[in-house]
>>> print(open('target15.csv').read())   # CSV, C-alpha atoms
chain,number,residue,atom,x,y,z
A,1,MET,CA,-94.2,20.5,16.2
A,2,VAL,CA,-93.6,23.9,14.6
A,3,LYS,CA,-93.3,26.9,17.0
A,4,VAL,CA,-92.2,29.7,14.6
A,5,GLY,CA,-90.8,32.7,16.3
A,6,MET,CA,-88.2,35.4,16.5
A,7,ASP,CA,-84.7,34.7,17.7
A,8,THR,CA,-82.5,37.3,19.5
A,9,ASP,CA,-78.9,37.6,20.6
A,10,SER,CA,-80.0,38.0,24.3
A,11,PRO,CA,-78.2,35.9,26.8
A,12,GLY,CA,-81.7,35.0,28.1
A,13,ASN,CA,-83.0,33.7,24.7
A,14,HIS,CA,-83.4,30.1,25.7
A,15,ALA,CA,-86.7,30.0,23.8
A,16,GLY,CA,-85.4,32.5,21.1
A,17,TYR,CA,-87.4,35.6,22.0
A,18,ASP,CA,-86.5,38.4,24.4
A,19,ALA,CA,-88.8,41.4,24.9
A,20,ASP,CA,-85.9,43.7,25.8
A,21,PRO,CA,-85.5,45.9,22.8
A,22,GLN,CA,-81.8,46.4,23.4
A,23,PHE,CA,-81.2,42.9,21.9
A,24,ASN,CA,-80.9,42.3,18.2
A,25,VAL,CA,-83.0,40.1,16.1
A,26,THR,CA,-81.0,37.3,14.4
A,27,GLY,CA,-83.7,35.5,12.5
A,28,PHE,CA,-87.1,33.8,12.5
A,29,SER,CA,-86.8,30.1,13.1
A,30,GLN,CA,-89.3,27.3,13.0
A,31,LEU,CA,-88.7,25.1,16.1
A,32,HIS,CA,-88.4,26.4,19.7
A,33,ASP,CA,-88.6,25.0,23.2
A,34,ASP,CA,-87.7,26.1,26.7
A,35,GLY,CA,-87.6,24.5,30.1
A,36,THR,CA,-85.2,21.7,29.0
A,37,GLY,CA,-82.1,23.0,30.8
A,38,GLY,CA,-78.7,22.8,29.2
A,39,SER,CA,-78.0,24.7,26.0
A,40,ILE,CA,-80.4,26.7,23.8
A,41,PRO,CA,-82.7,24.1,22.2
A,42,LEU,CA,-83.8,23.9,18.6
A,43,SER,CA,-84.1,27.4,16.9
A,44,ASN,CA,-83.6,25.7,13.5
A,45,PHE,CA,-83.9,27.0,10.0
A,46,LYS,CA,-83.9,30.8,10.5
A,47,ILE,CA,-85.4,32.9,7.7
A,48,TRP,CA,-84.1,36.4,7.1
A,49,ALA,CA,-85.0,39.2,4.7
A,50,PHE,CA,-82.8,42.0,3.2
A,51,PRO,CA,-84.5,45.1,2.0
A,52,GLN,CA,-81.4,46.2,0.3
A,53,CYS,CA,-77.8,45.1,-0.2
A,54,SER,CA,-75.4,47.0,-2.4
A,55,SER,CA,-75.1,43.8,-4.4
A,56,PHE,CA,-76.0,40.1,-4.1
A,57,GLU,CA,-72.4,39.2,-3.2
A,58,THR,CA,-72.2,41.8,-0.4
A,59,CYS,CA,-75.2,40.7,1.5
A,60,GLN,CA,-74.1,40.1,5.1
A,61,THR,CA,-75.5,36.7,5.6
A,62,SER,CA,-73.8,35.5,8.8
A,63,LEU,CA,-75.7,35.7,12.0
A,64,ASN,CA,-73.6,38.4,13.7
A,65,SER,CA,-73.3,40.5,10.6
A,66,ARG,CA,-77.0,40.6,9.7
A,67,LYS,CA,-78.6,41.1,13.1
A,68,ILE,CA,-80.6,44.3,13.7
A,69,LEU,CA,-82.7,46.0,16.3
A,70,ARG,CA,-86.4,46.3,16.4
A,71,LYS,CA,-88.4,49.6,16.4
A,72,VAL,CA,-89.3,50.8,19.9
A,73,LEU,CA,-92.7,52.2,20.9
A,74,PRO,CA,-93.1,55.4,22.9
A,75,ASP,CA,-93.4,53.4,26.1
A,76,GLY,CA,-90.0,51.9,25.6
A,77,SER,CA,-91.3,48.4,24.6
A,78,PRO,CA,-90.4,46.8,21.3
A,79,ASP,CA,-92.8,47.1,18.3
A,80,ASP,CA,-93.9,43.5,18.7
A,81,PHE,CA,-97.4,42.0,18.8
A,82,ALA,CA,-98.4,38.5,19.7
A,83,SER,CA,-101.6,36.5,20.1
A,84,PRO,CA,-102.2,32.7,19.9
A,85,GLY,CA,-101.3,31.7,16.4
A,86,TYR,CA,-99.8,35.1,15.3
A,87,PHE,CA,-96.7,37.2,15.8
A,88,SER,CA,-95.5,40.5,14.2
A,89,THR,CA,-92.6,42.8,14.6
A,90,ASN,CA,-91.2,45.9,12.9
A,91,LEU,CA,-87.5,46.2,12.4
A,92,THR,CA,-85.4,49.4,12.3
A,93,ASN,CA,-84.7,48.8,8.6
A,94,ALA,CA,-88.5,49.4,8.0
A,95,LEU,CA,-89.1,45.7,7.3
A,96,ARG,CA,-92.3,44.2,8.7
A,97,VAL,CA,-92.4,40.6,9.7
A,98,GLU,CA,-95.5,38.5,10.4
A,99,LEU,CA,-95.7,34.8,11.4
A,100,THR,CA,-98.3,32.1,11.8
A,101,ALA,CA,-98.3,28.3,11.6
A,102,THR,CA,-99.9,25.0,11.3
A,103,ARG,CA,-98.7,21.8,13.0
A,104,ARG,CA,-95.7,21.1,10.8
A,105,THR,CA,-95.5,24.3,8.6
A,106,ALA,CA,-94.7,27.9,9.3
A,107,LEU,CA,-95.9,30.7,7.1
A,108,HIS,CA,-94.0,34.0,7.1
A,109,ARG,CA,-95.0,37.3,5.6
A,110,TYR,CA,-92.3,39.9,4.9
A,111,THR,CA,-93.4,43.4,3.8
A,112,PHE,CA,-90.5,45.4,2.4
A,113,PRO,CA,-90.2,49.2,2.7
A,114,PRO,CA,-91.3,51.3,-0.3
A,115,GLY,CA,-88.7,51.7,-2.9
A,116,THR,CA,-87.1,48.3,-2.4
A,117,THR,CA,-85.6,47.3,-5.7
A,118,ASN,CA,-84.1,44.0,-4.9
A,119,PRO,CA,-86.0,42.2,-2.1
A,120,ARG,CA,-83.9,39.3,-0.9
A,121,ILE,CA,-84.8,36.3,1.3
A,122,MET,CA,-82.4,33.8,2.8
A,123,LEU,CA,-82.5,30.5,4.7
A,124,ASP,CA,-80.0,30.0,7.4
A,125,LEU,CA,-79.6,26.2,7.3
A,126,THR,CA,-77.0,25.7,10.1
A,127,ASN,CA,-77.4,28.2,12.9
A,128,ASP,CA,-79.5,26.4,15.5
A,129,GLY,CA,-79.5,27.6,19.1
A,130,GLN,CA,-76.2,26.0,19.9
A,131,HIS,CA,-74.5,26.4,16.5
A,132,SER,CA,-74.1,22.7,16.5
A,133,SER,CA,-74.9,21.6,13.0
A,134,THR,CA,-73.0,18.9,11.0
A,135,ASP,CA,-73.6,17.1,7.8
A,136,PRO,CA,-75.5,19.8,6.0
A,137,VAL,CA,-77.4,19.2,2.8
A,138,LEU,CA,-79.0,21.9,0.7
A,139,THR,CA,-80.3,22.2,-2.9
A,140,LEU,CA,-81.9,25.3,-4.6
A,141,ASP,CA,-84.2,25.4,-7.6
A,142,PRO,CA,-83.2,28.4,-9.8
A,143,ASP,CA,-86.6,28.5,-11.5
A,144,THR,CA,-88.8,28.7,-8.3
A,145,GLY,CA,-86.3,29.5,-5.5
A,146,LYS,CA,-87.4,26.3,-3.6
A,147,LEU,CA,-84.9,25.3,-1.0
A,148,GLU,CA,-84.6,21.8,0.4
A,149,GLY,CA,-82.2,20.7,3.0
A,150,GLY,CA,-81.3,19.6,6.5
A,151,ALA,CA,-78.6,18.8,8.9
A,152,SER,CA,-77.7,17.0,12.1
A,153,PHE,CA,-77.9,19.0,15.4
A,154,ALA,CA,-77.0,18.4,19.0
A,155,ALA,CA,-79.6,17.8,21.7
A,156,SER,CA,-79.8,20.6,24.2
A,157,PHE,CA,-79.5,18.4,27.3
A,158,GLY,CA,-77.8,15.1,27.5
A,159,PRO,CA,-76.0,13.2,24.8
A,160,GLY,CA,-77.1,12.4,21.3
A,161,ARG,CA,-78.0,14.2,18.1
A,162,TYR,CA,-81.0,14.5,15.9
A,163,GLN,CA,-81.7,15.2,12.2
A,164,ALA,CA,-84.1,17.9,11.0
A,165,PHE,CA,-85.1,18.9,7.5
A,166,THR,CA,-86.8,21.8,5.9
A,167,CYS,CA,-88.5,22.8,2.6
A,168,VAL,CA,-88.9,26.5,1.8
A,169,THR,CA,-91.0,28.0,-1.0
A,170,PHE,CA,-92.1,31.5,-1.9
A,171,LYS,CA,-95.1,33.4,-3.3
A,172,GLY,CA,-95.9,37.1,-3.9
A,173,ASP,CA,-98.7,38.4,-1.7
A,174,GLY,CA,-101.3,39.6,-4.3
A,175,TYR,CA,-99.0,39.4,-7.3
A,176,ASP,CA,-97.0,36.9,-9.4
A,177,LEU,CA,-93.6,36.7,-7.7
A,178,GLY,CA,-91.9,35.2,-10.7
A,179,LYS,CA,-88.6,33.4,-10.7
A,180,PRO,CA,-85.6,34.6,-8.7
A,181,THR,CA,-83.4,37.1,-10.5
A,182,GLU,CA,-80.4,36.1,-8.4
A,183,TYR,CA,-79.7,33.0,-6.4
A,184,GLY,CA,-76.9,31.1,-4.7
A,185,ILE,CA,-75.6,29.2,-1.7
A,186,TRP,CA,-73.9,31.3,0.9
A,187,LEU,CA,-71.0,30.5,3.3
A,188,GLY,CA,-70.3,32.8,6.2
A,189,ASN,CA,-70.6,36.3,4.6
A,190,PHE,CA,-70.1,35.2,1.1
A,191,PRO,CA,-73.0,34.4,-1.2
A,192,VAL,CA,-71.8,32.5,-4.3
A,193,ARG,CA,-74.0,33.6,-7.2
A,194,GLY,CA,-75.4,30.8,-9.4
A,195,THR,CA,-74.7,27.9,-7.1
A,196,THR,CA,-77.6,25.5,-6.6
A,197,ASN,CA,-76.1,22.8,-4.3
A,198,ILE,CA,-74.0,23.0,-1.2
A,199,LEU,CA,-71.8,20.3,-2.6
A,200,GLN,CA,-70.6,22.7,-5.3
A,201,LEU,CA,-68.7,24.6,-2.6
A,202,TYR,CA,-65.9,23.8,-0.1
A,203,TYR,CA,-67.2,24.4,3.4
A,204,GLY,CA,-64.8,22.4,5.5
A,205,PHE,CA,-63.9,25.4,7.7
A,206,VAL,CA,-67.2,27.3,7.6
A,207,SER,CA,-69.9,26.8,10.2
A,208,GLU,CA,-72.6,29.0,8.7
A,209,MET,CA,-74.3,28.4,5.4
A,210,GLY,CA,-77.6,28.6,3.6
A,211,GLY,CA,-79.4,29.8,0.5
A,212,LEU,CA,-80.0,33.4,-0.7
A,213,LEU,CA,-82.5,34.6,-3.3
A,214,THR,CA,-83.4,37.9,-5.0
A,215,PHE,CA,-86.9,38.4,-6.3
A,216,PRO,CA,-88.4,41.1,-8.5
A,217,PRO,CA,-90.3,43.8,-6.6
A,218,ALA,CA,-94.1,44.1,-6.9
A,219,PRO,CA,-95.1,45.5,-10.3
A,220,ASN,CA,-96.2,49.1,-10.9
A,221,GLY,CA,-94.7,50.4,-7.7
A,222,GLY,CA,-97.0,48.3,-5.5
A,223,LYS,CA,-96.3,47.0,-2.0
A,224,THR,CA,-93.7,44.3,-2.1
A,225,THR,CA,-94.8,41.5,0.3
A,226,ILE,CA,-93.3,38.0,0.0
A,227,LEU,CA,-94.9,34.9,1.7
A,228,VAL,CA,-92.4,32.2,2.8
A,229,ARG,CA,-93.8,28.8,3.5
A,230,VAL,CA,-91.5,26.6,5.6
A,231,GLY,CA,-92.2,22.9,6.0
A,232,VAL,CA,-90.3,21.0,8.7
A,233,SER,CA,-89.8,17.2,9.2
A,234,PHE,CA,-87.6,14.9,11.3
A,235,ILE,CA,-87.7,12.4,8.5
A,236,SER,CA,-86.6,14.1,5.2
A,237,SER,CA,-86.8,17.2,3.2
A,238,ALA,CA,-89.2,15.5,0.9
A,239,GLN,CA,-91.5,14.9,3.9
A,240,ALA,CA,-91.1,18.5,4.9
A,241,CYS,CA,-92.3,19.5,1.4
A,242,ALA,CA,-95.2,17.2,1.7
A,243,ASN,CA,-96.1,18.6,5.1
A,244,ALA,CA,-96.1,22.2,3.7
A,245,GLU,CA,-98.1,21.3,0.6
A,246,GLU,CA,-100.7,19.4,2.7
A,247,GLU,CA,-101.2,22.0,5.4
A,248,VAL,CA,-100.7,25.3,3.6
A,249,PRO,CA,-101.5,24.6,0.0
A,250,ASP,CA,-102.4,28.1,-1.1
A,251,PHE,CA,-100.2,30.4,1.1
A,252,ASP,CA,-103.3,32.0,2.5
A,253,PHE,CA,-101.9,33.8,5.6
A,254,GLU,CA,-105.2,35.0,7.0
A,255,SER,CA,-106.8,31.6,6.7
A,256,VAL,CA,-103.9,29.9,8.5
A,257,GLU,CA,-103.9,32.5,11.2
A,258,LYS,CA,-107.7,32.2,11.7
A,259,ALA,CA,-107.5,28.5,11.9
A,260,ALA,CA,-104.7,28.6,14.4
A,261,ARG,CA,-106.6,31.1,16.6
A,262,ALA,CA,-109.7,29.0,16.4
A,263,GLU,CA,-107.8,25.9,17.5
A,264,TRP,CA,-106.3,27.8,20.5
A,265,ASN,CA,-109.7,29.2,21.4
A,266,GLU,CA,-111.2,25.7,21.5
A,267,LEU,CA,-108.3,24.4,23.6
A,268,LEU,CA,-108.3,27.2,26.1
A,269,GLY,CA,-112.1,27.4,26.2
A,270,ARG,CA,-112.2,23.9,27.7
A,271,ILE,CA,-111.7,25.6,31.0
A,272,GLN,CA,-114.2,28.3,31.9
A,273,VAL,CA,-113.7,30.6,35.0
A,274,ASP,CA,-116.1,32.9,36.7
A,275,PRO,CA,-114.2,36.3,36.8
A,276,THR,CA,-116.6,37.9,39.2
A,277,GLY,CA,-114.6,39.7,41.9
A,278,VAL,CA,-111.3,38.7,40.3
A,279,ASP,CA,-108.7,41.1,39.0
A,280,THR,CA,-108.5,41.1,35.2
A,281,GLU,CA,-104.7,40.6,35.5
A,282,THR,CA,-105.3,37.4,37.4
A,283,VAL,CA,-107.6,36.0,34.8
A,284,GLN,CA,-105.1,36.9,32.1
A,285,LEU,CA,-102.3,35.3,34.0
A,286,PHE,CA,-104.4,32.1,34.3
A,287,TYR,CA,-105.1,31.8,30.6
A,288,SER,CA,-101.6,32.8,29.7
A,289,SER,CA,-100.2,30.1,31.9
A,290,LEU,CA,-102.6,27.6,30.5
A,291,TYR,CA,-101.5,28.6,27.0
A,292,ARG,CA,-97.8,28.1,27.9
A,293,THR,CA,-98.5,24.6,29.3
A,294,HIS,CA,-99.6,23.6,25.9
A,295,ILE,CA,-96.6,25.0,24.0
A,296,SER,CA,-93.6,24.2,26.2
A,297,PRO,CA,-91.8,22.1,26.9
A,298,ALA,CA,-92.3,20.0,23.9
A,299,ASP,CA,-90.6,16.6,24.7
A,300,TYR,CA,-90.3,14.3,21.7
A,301,GLY,CA,-89.5,11.3,24.0
A,302,ASP,CA,-90.9,9.8,27.2
A,303,PRO,CA,-94.4,11.5,27.2
A,304,ILE,CA,-95.4,9.2,24.3
A,305,LEU,CA,-95.8,6.5,27.0
A,306,GLY,CA,-98.1,8.6,29.1
A,307,GLU,CA,-100.0,9.8,26.1
A,308,PHE,CA,-100.6,6.3,25.0
A,309,PHE,CA,-101.9,5.3,28.4
A,310,VAL,CA,-104.3,8.3,28.6
A,311,LYS,CA,-105.7,7.9,25.1
A,312,PHE,CA,-105.5,4.3,24.3
A,313,HIS,CA,-105.5,2.2,27.5
A,314,ASP,CA,-108.9,0.7,26.5
A,315,HIS,CA,-107.2,-0.8,23.4
A,316,ALA,CA,-104.0,-1.9,25.2
A,317,ALA,CA,-105.1,-5.6,25.3
A,318,ASP,CA,-105.6,-5.6,21.5
A,319,LEU,CA,-102.0,-4.6,21.1
A,320,ASP,CA,-100.8,-7.2,23.7
A,321,VAL,CA,-99.8,-4.4,26.1
A,322,ASN,CA,-100.3,-5.1,29.8
A,323,VAL,CA,-102.0,-2.1,31.4
A,324,ASP,CA,-100.6,-2.8,34.8
A,325,ASP,CA,-97.0,-2.9,33.5
A,326,LEU,CA,-97.6,0.3,31.6
A,327,TYR,CA,-99.0,2.0,34.7
A,328,ASN,CA,-96.1,0.8,36.9
A,329,ALA,CA,-93.6,2.2,34.3
A,330,LEU,CA,-95.3,5.5,34.4
A,331,LEU,CA,-95.3,5.5,38.3
A,332,ALA,CA,-91.6,4.7,38.3
A,333,ASP,CA,-90.9,7.6,36.0
A,334,ALA,CA,-92.8,9.9,38.3
A,335,GLU,CA,-91.4,8.8,41.6
A,336,ASN,CA,-87.9,7.3,41.1
A,337,GLU,CA,-84.9,9.4,40.1
A,338,PRO,CA,-82.6,7.3,37.9
A,339,PRO,CA,-78.9,7.0,38.9
A,340,ASN,CA,-77.7,8.9,35.8
A,341,TRP,CA,-80.2,11.7,35.8
A,342,ASN,CA,-78.1,13.7,33.2
A,343,LEU,CA,-79.2,11.1,30.7
A,344,GLN,CA,-82.6,9.8,31.8
A,345,GLY,CA,-84.2,12.6,33.7
A,346,ARG,CA,-83.7,14.6,36.9
A,347,GLN,CA,-85.7,15.7,39.9
A,348,ALA,CA,-88.3,13.1,39.2
A,349,ASN,CA,-89.0,12.9,43.0
A,350,ALA,CA,-88.6,16.6,43.8
A,351,TRP,CA,-92.4,17.1,44.0
A,352,LYS,CA,-92.3,14.9,47.2
A,353,GLN,CA,-90.0,17.4,48.9
A,354,PHE,CA,-91.5,20.6,47.6
A,355,SER,CA,-95.1,19.9,47.1
A,356,GLY,CA,-97.3,22.6,48.6
A,357,SER,CA,-94.3,24.9,49.3
A,358,THR,CA,-94.4,28.5,48.1
A,359,ASP,CA,-91.1,29.7,49.4
A,360,THR,CA,-88.8,26.9,48.3
A,361,ALA,CA,-88.2,25.4,44.9
A,362,PRO,CA,-85.7,23.1,43.2
A,363,LYS,CA,-82.5,25.0,42.5
A,364,ASP,CA,-81.5,23.0,39.4
>>> encode(input="target15.csv", output="C-alpha cells")
Amino acid sequence: MVKVGMDTDSPGNHAGYDADPQFNVTGFSQLHDDGTGGSIPLSNFKIWAFPQCSSFETCQTSLNSRKILRKVLPDGSPDDFASPGYFSTNLTNALRVELTATRRTALHRYTFPPGTTNPRIMLDLTNDGQHSSTDPVLTLDPDTGKLEGGASFAASFGPGRYQAFTCVTFKGDGYDLGKPTEYGIWLGNFPVRGTTNILQLYYGFVSEMGGLLTFPPAPNGGKTTILVRVGVSFISSAQACANAEEEVPDFDFESVEKAARAEWNELLGRIQVDPTGVDTETVQLFYSSLYRTHISPADYGDPILGEFFVKFHDHAADLDVNVDDLYNALLADAENEPPNWNLQGRQANAWKQFSGSTDTAPKD
C-alpha cells in the first residue's frame, strides 16, 4: 500500500517525482500511483522538515511557500539516489532526506545541517495530488509529538471519494529526542503555537492544514537526525498507528531498508535471464520494467476478483463461489468495454485492435 516518495511541482508529476532538477520539491508523501489517467492520484500526508525558521510562527508551511530545489550534480542531474526499497535526496538548504518502507508504514530520516538549533518537522494533512481534501481531523500529543488524523479525498479518475488516515511518530537517530519544545496546528502559512486539535481553530476558508513540531537538536553538538515513522490506513488513524507499531516497532532504518531490498530481490529473482550477448542496458531495462509492473498501477478495486481466482480457485466451492461464473466475469472485464467507461473502465478491448502492433497505440 505505502509507496513513499518525493513530490515536486512539475506539471509531469503524476506519480509525484520528476527527475528534472528545475522543479521544486514540495514534500515527501506516503501514497503514490500512476497510469490511472485523470488527475494526480494520492500523494497523501506529505512530511516536510525546516532546518531553520526565524520563529515557530513564521515557518512557511503552505505548499507553495515551503517548496525548494534539490542540489544538482556536476552532470546536471539532481542529487537523488534510488534503489528498490530506498530513496535519498539532498536539498539546497543542506537538508538530507532518506526514505524506506514496509507494506503499510513509511520510515523517513531527516539529517539537518550542522548548527541547526531548532529542527522542525511538519505533517501536511490536506495537500493530496489534487488538493481535494475535505472533513479533516487531526490531533497532536504535546508530550511526544504524535500526530493522528485523516481526511476525505477525491478519486483521481471517475466519481467518488475515499478516506485515508495517518499516524506520525518521531525518534532521534542515536539519541533521545525528548518532547517537542514547540508545537501547534498550522493553517496556510500560520502555525498556531500550543494548539493540539484542528477543532480548536476556524478553518472554514483554509484549504491547507497540518501539524508543526520543534524538537531539541542533538546533544553536545552532535549530528541532528530525526526519524519519522508514518503509518497509513484506509480504516482509521488508530489502525494507522497499529500498522506502524507492528511493522516498524523500533525505528530501525537500516533493518527496514534491508528487508525491503531482500523482498524485492526475491520477487525480481523469480525470473532469471541469460545476459550472454545482450547489452547491459537491455537487461537493466527488463528488470526495471519488471519492477515497475509490481508497483504501479495499484488498483484497490477490480483486481481483487482476479487475485481471488488465481490464488484461491481451488477453494471456491468451499465458499459457495461458482468457478465458471467467476471466470466468465473476468473474461467479460477483459473483452467487453462497458457503456460508461468513465465509471467502469475504458479500452478493455483495445488489445484486440493493437495487439502485436509496434507503431500504433491507444491515444487515450
>>> closest_residue(input="target15.csv", among="A:Pro21, A:Gly145, A:Gly115, A:Gly5", to="Gly85 of chain A", atoms="all atoms listed in the file")
A:Gly5
>>> closest_residue(input="target15.csv", among="A:Lys179, A:His294, A:Lys71, A:Lys146", to="Pro216 of chain A", atoms="all atoms listed in the file")
A:Lys179
>>> closest_residue(input="target15.csv", among="A:Leu268, A:Val72, A:Leu213, A:Ala334", to="Cys53 of chain A", atoms="only C-alpha atoms")
A:Leu213
>>> residues_around(input="target15.csv", residues="Phe81 of chain A", least_positions_apart="6", cutoff="10 Å", atoms="all atoms listed in the file", output="list of chain:residue names")
A:Phe87, A:Ser88, A:Thr89, A:Asn90, A:Glu98
>>> closest_atom_pairs(input="target15.csv", of="segment 96-170 of chain A", to="segment 243-251 of chain A", cutoff="12 Å", atoms="all atoms listed in the file", output="CSV")
residue,atom,partner,partner_atom,distance
A:Thr100,CA,A:Val248,CA,10.9
A:Ala101,CA,A:Val248,CA,8.9
A:Thr102,CA,A:Glu247,CA,6.7
A:Arg103,CA,A:Glu247,CA,8.0
A:Arg104,CA,A:Asn243,CA,6.2
A:Thr105,CA,A:Ala244,CA,5.4
A:Ala106,CA,A:Ala244,CA,8.1
A:Leu107,CA,A:Phe251,CA,7.4
A:His108,CA,A:Phe251,CA,9.3
A:Arg109,CA,A:Phe251,CA,9.7
A:Glu148,CA,A:Ala244,CA,12.0
A:Phe165,CA,A:Asn243,CA,11.3
A:Thr166,CA,A:Ala244,CA,9.6
A:Cys167,CA,A:Ala244,CA,7.7
A:Val168,CA,A:Ala244,CA,8.6
A:Thr169,CA,A:Ala244,CA,9.0
A:Phe170,CA,A:Phe251,CA,8.7
>>> write_last_selection(input="target15.csv", atoms="C-alpha atoms", output="compact mmCIF listing (two decimals), in the frame of the given file")
# COMPACT_ATOMS: atom_id res chain seq x y z
CA THR A 100 -98.30 32.10 11.80
CA ALA A 101 -98.30 28.30 11.60
CA THR A 102 -99.90 25.00 11.30
CA ARG A 103 -98.70 21.80 13.00
CA ARG A 104 -95.70 21.10 10.80
CA THR A 105 -95.50 24.30 8.60
CA ALA A 106 -94.70 27.90 9.30
CA LEU A 107 -95.90 30.70 7.10
CA HIS A 108 -94.00 34.00 7.10
CA ARG A 109 -95.00 37.30 5.60
CA GLU A 148 -84.60 21.80 0.40
CA PHE A 165 -85.10 18.90 7.50
CA THR A 166 -86.80 21.80 5.90
CA CYS A 167 -88.50 22.80 2.60
CA VAL A 168 -88.90 26.50 1.80
CA THR A 169 -91.00 28.00 -1.00
CA PHE A 170 -92.10 31.50 -1.90
>>> closest_residue(input="target15.csv", among="A:Lys171, A:His131, A:Gln22, A:Ser65", to="Val206 of chain A", atoms="all atoms listed in the file")
A:His131
>>> closest_residue(input="target15.csv", among="A:Asn93, A:Pro159, A:Leu42, A:Thr181", to="Gln130 of chain A", atoms="only C-alpha atoms")
A:Leu42
>>> build_atoms(input="target15.csv", residues="segment 261-267 of chain A", atoms="all heavy atoms", output="compact mmCIF listing (two decimals), in the coordinates of the input")
# COMPACT_ATOMS: atom_id res chain seq x y z
N ARG A 261 -105.91 30.43 15.45
CA ARG A 261 -106.60 31.10 16.60
C ARG A 261 -107.81 30.31 17.03
O ARG A 261 -108.06 30.18 18.24
CB ARG A 261 -106.98 32.52 16.17
CG ARG A 261 -107.55 33.33 17.32
CD ARG A 261 -107.82 34.77 16.92
NE ARG A 261 -108.29 35.54 18.05
CZ ARG A 261 -107.52 36.14 18.94
NH1 ARG A 261 -106.21 36.06 18.82
NH2 ARG A 261 -108.03 36.82 19.95
N ALA A 262 -108.56 29.79 16.08
CA ALA A 262 -109.70 29.00 16.40
C ALA A 262 -109.35 27.75 17.22
O ALA A 262 -110.03 27.36 18.18
CB ALA A 262 -110.51 28.62 15.17
N GLU A 263 -108.25 27.12 16.82
CA GLU A 263 -107.80 25.90 17.50
C GLU A 263 -107.39 26.26 18.95
O GLU A 263 -107.71 25.53 19.90
CB GLU A 263 -106.64 25.29 16.78
CG GLU A 263 -106.21 23.95 17.33
CD GLU A 263 -105.19 23.24 16.45
OE1 GLU A 263 -104.89 23.76 15.35
OE2 GLU A 263 -104.71 22.17 16.86
N TRP A 264 -106.70 27.38 19.13
CA TRP A 264 -106.30 27.80 20.50
C TRP A 264 -107.54 28.18 21.31
O TRP A 264 -107.62 27.86 22.51
CB TRP A 264 -105.35 28.97 20.41
CG TRP A 264 -103.92 28.54 20.23
CD1 TRP A 264 -103.13 28.71 19.13
CD2 TRP A 264 -103.11 27.84 21.19
NE1 TRP A 264 -101.89 28.16 19.34
CE2 TRP A 264 -101.85 27.63 20.59
CE3 TRP A 264 -103.34 27.38 22.48
CZ2 TRP A 264 -100.82 26.97 21.25
CZ3 TRP A 264 -102.32 26.72 23.14
CH2 TRP A 264 -101.07 26.53 22.53
N ASN A 265 -108.50 28.86 20.70
CA ASN A 265 -109.70 29.20 21.40
C ASN A 265 -110.46 27.99 21.91
O ASN A 265 -110.98 27.94 23.04
CB ASN A 265 -110.63 30.08 20.55
CG ASN A 265 -110.19 31.53 20.48
OD1 ASN A 265 -109.47 32.00 21.35
ND2 ASN A 265 -110.61 32.22 19.44
N GLU A 266 -110.53 26.96 21.06
CA GLU A 266 -111.20 25.70 21.50
C GLU A 266 -110.46 25.07 22.61
O GLU A 266 -111.07 24.61 23.59
CB GLU A 266 -111.27 24.78 20.26
CG GLU A 266 -112.14 23.55 20.48
CD GLU A 266 -111.46 22.45 21.26
OE1 GLU A 266 -110.23 22.30 21.14
OE2 GLU A 266 -112.15 21.75 22.04
N LEU A 267 -109.13 25.05 22.53
CA LEU A 267 -108.30 24.40 23.60
C LEU A 267 -108.43 25.14 24.89
O LEU A 267 -108.71 24.54 25.95
CB LEU A 267 -106.88 24.33 23.10
CG LEU A 267 -105.90 23.59 24.00
CD1 LEU A 267 -106.28 22.11 24.10
CD2 LEU A 267 -104.48 23.73 23.48
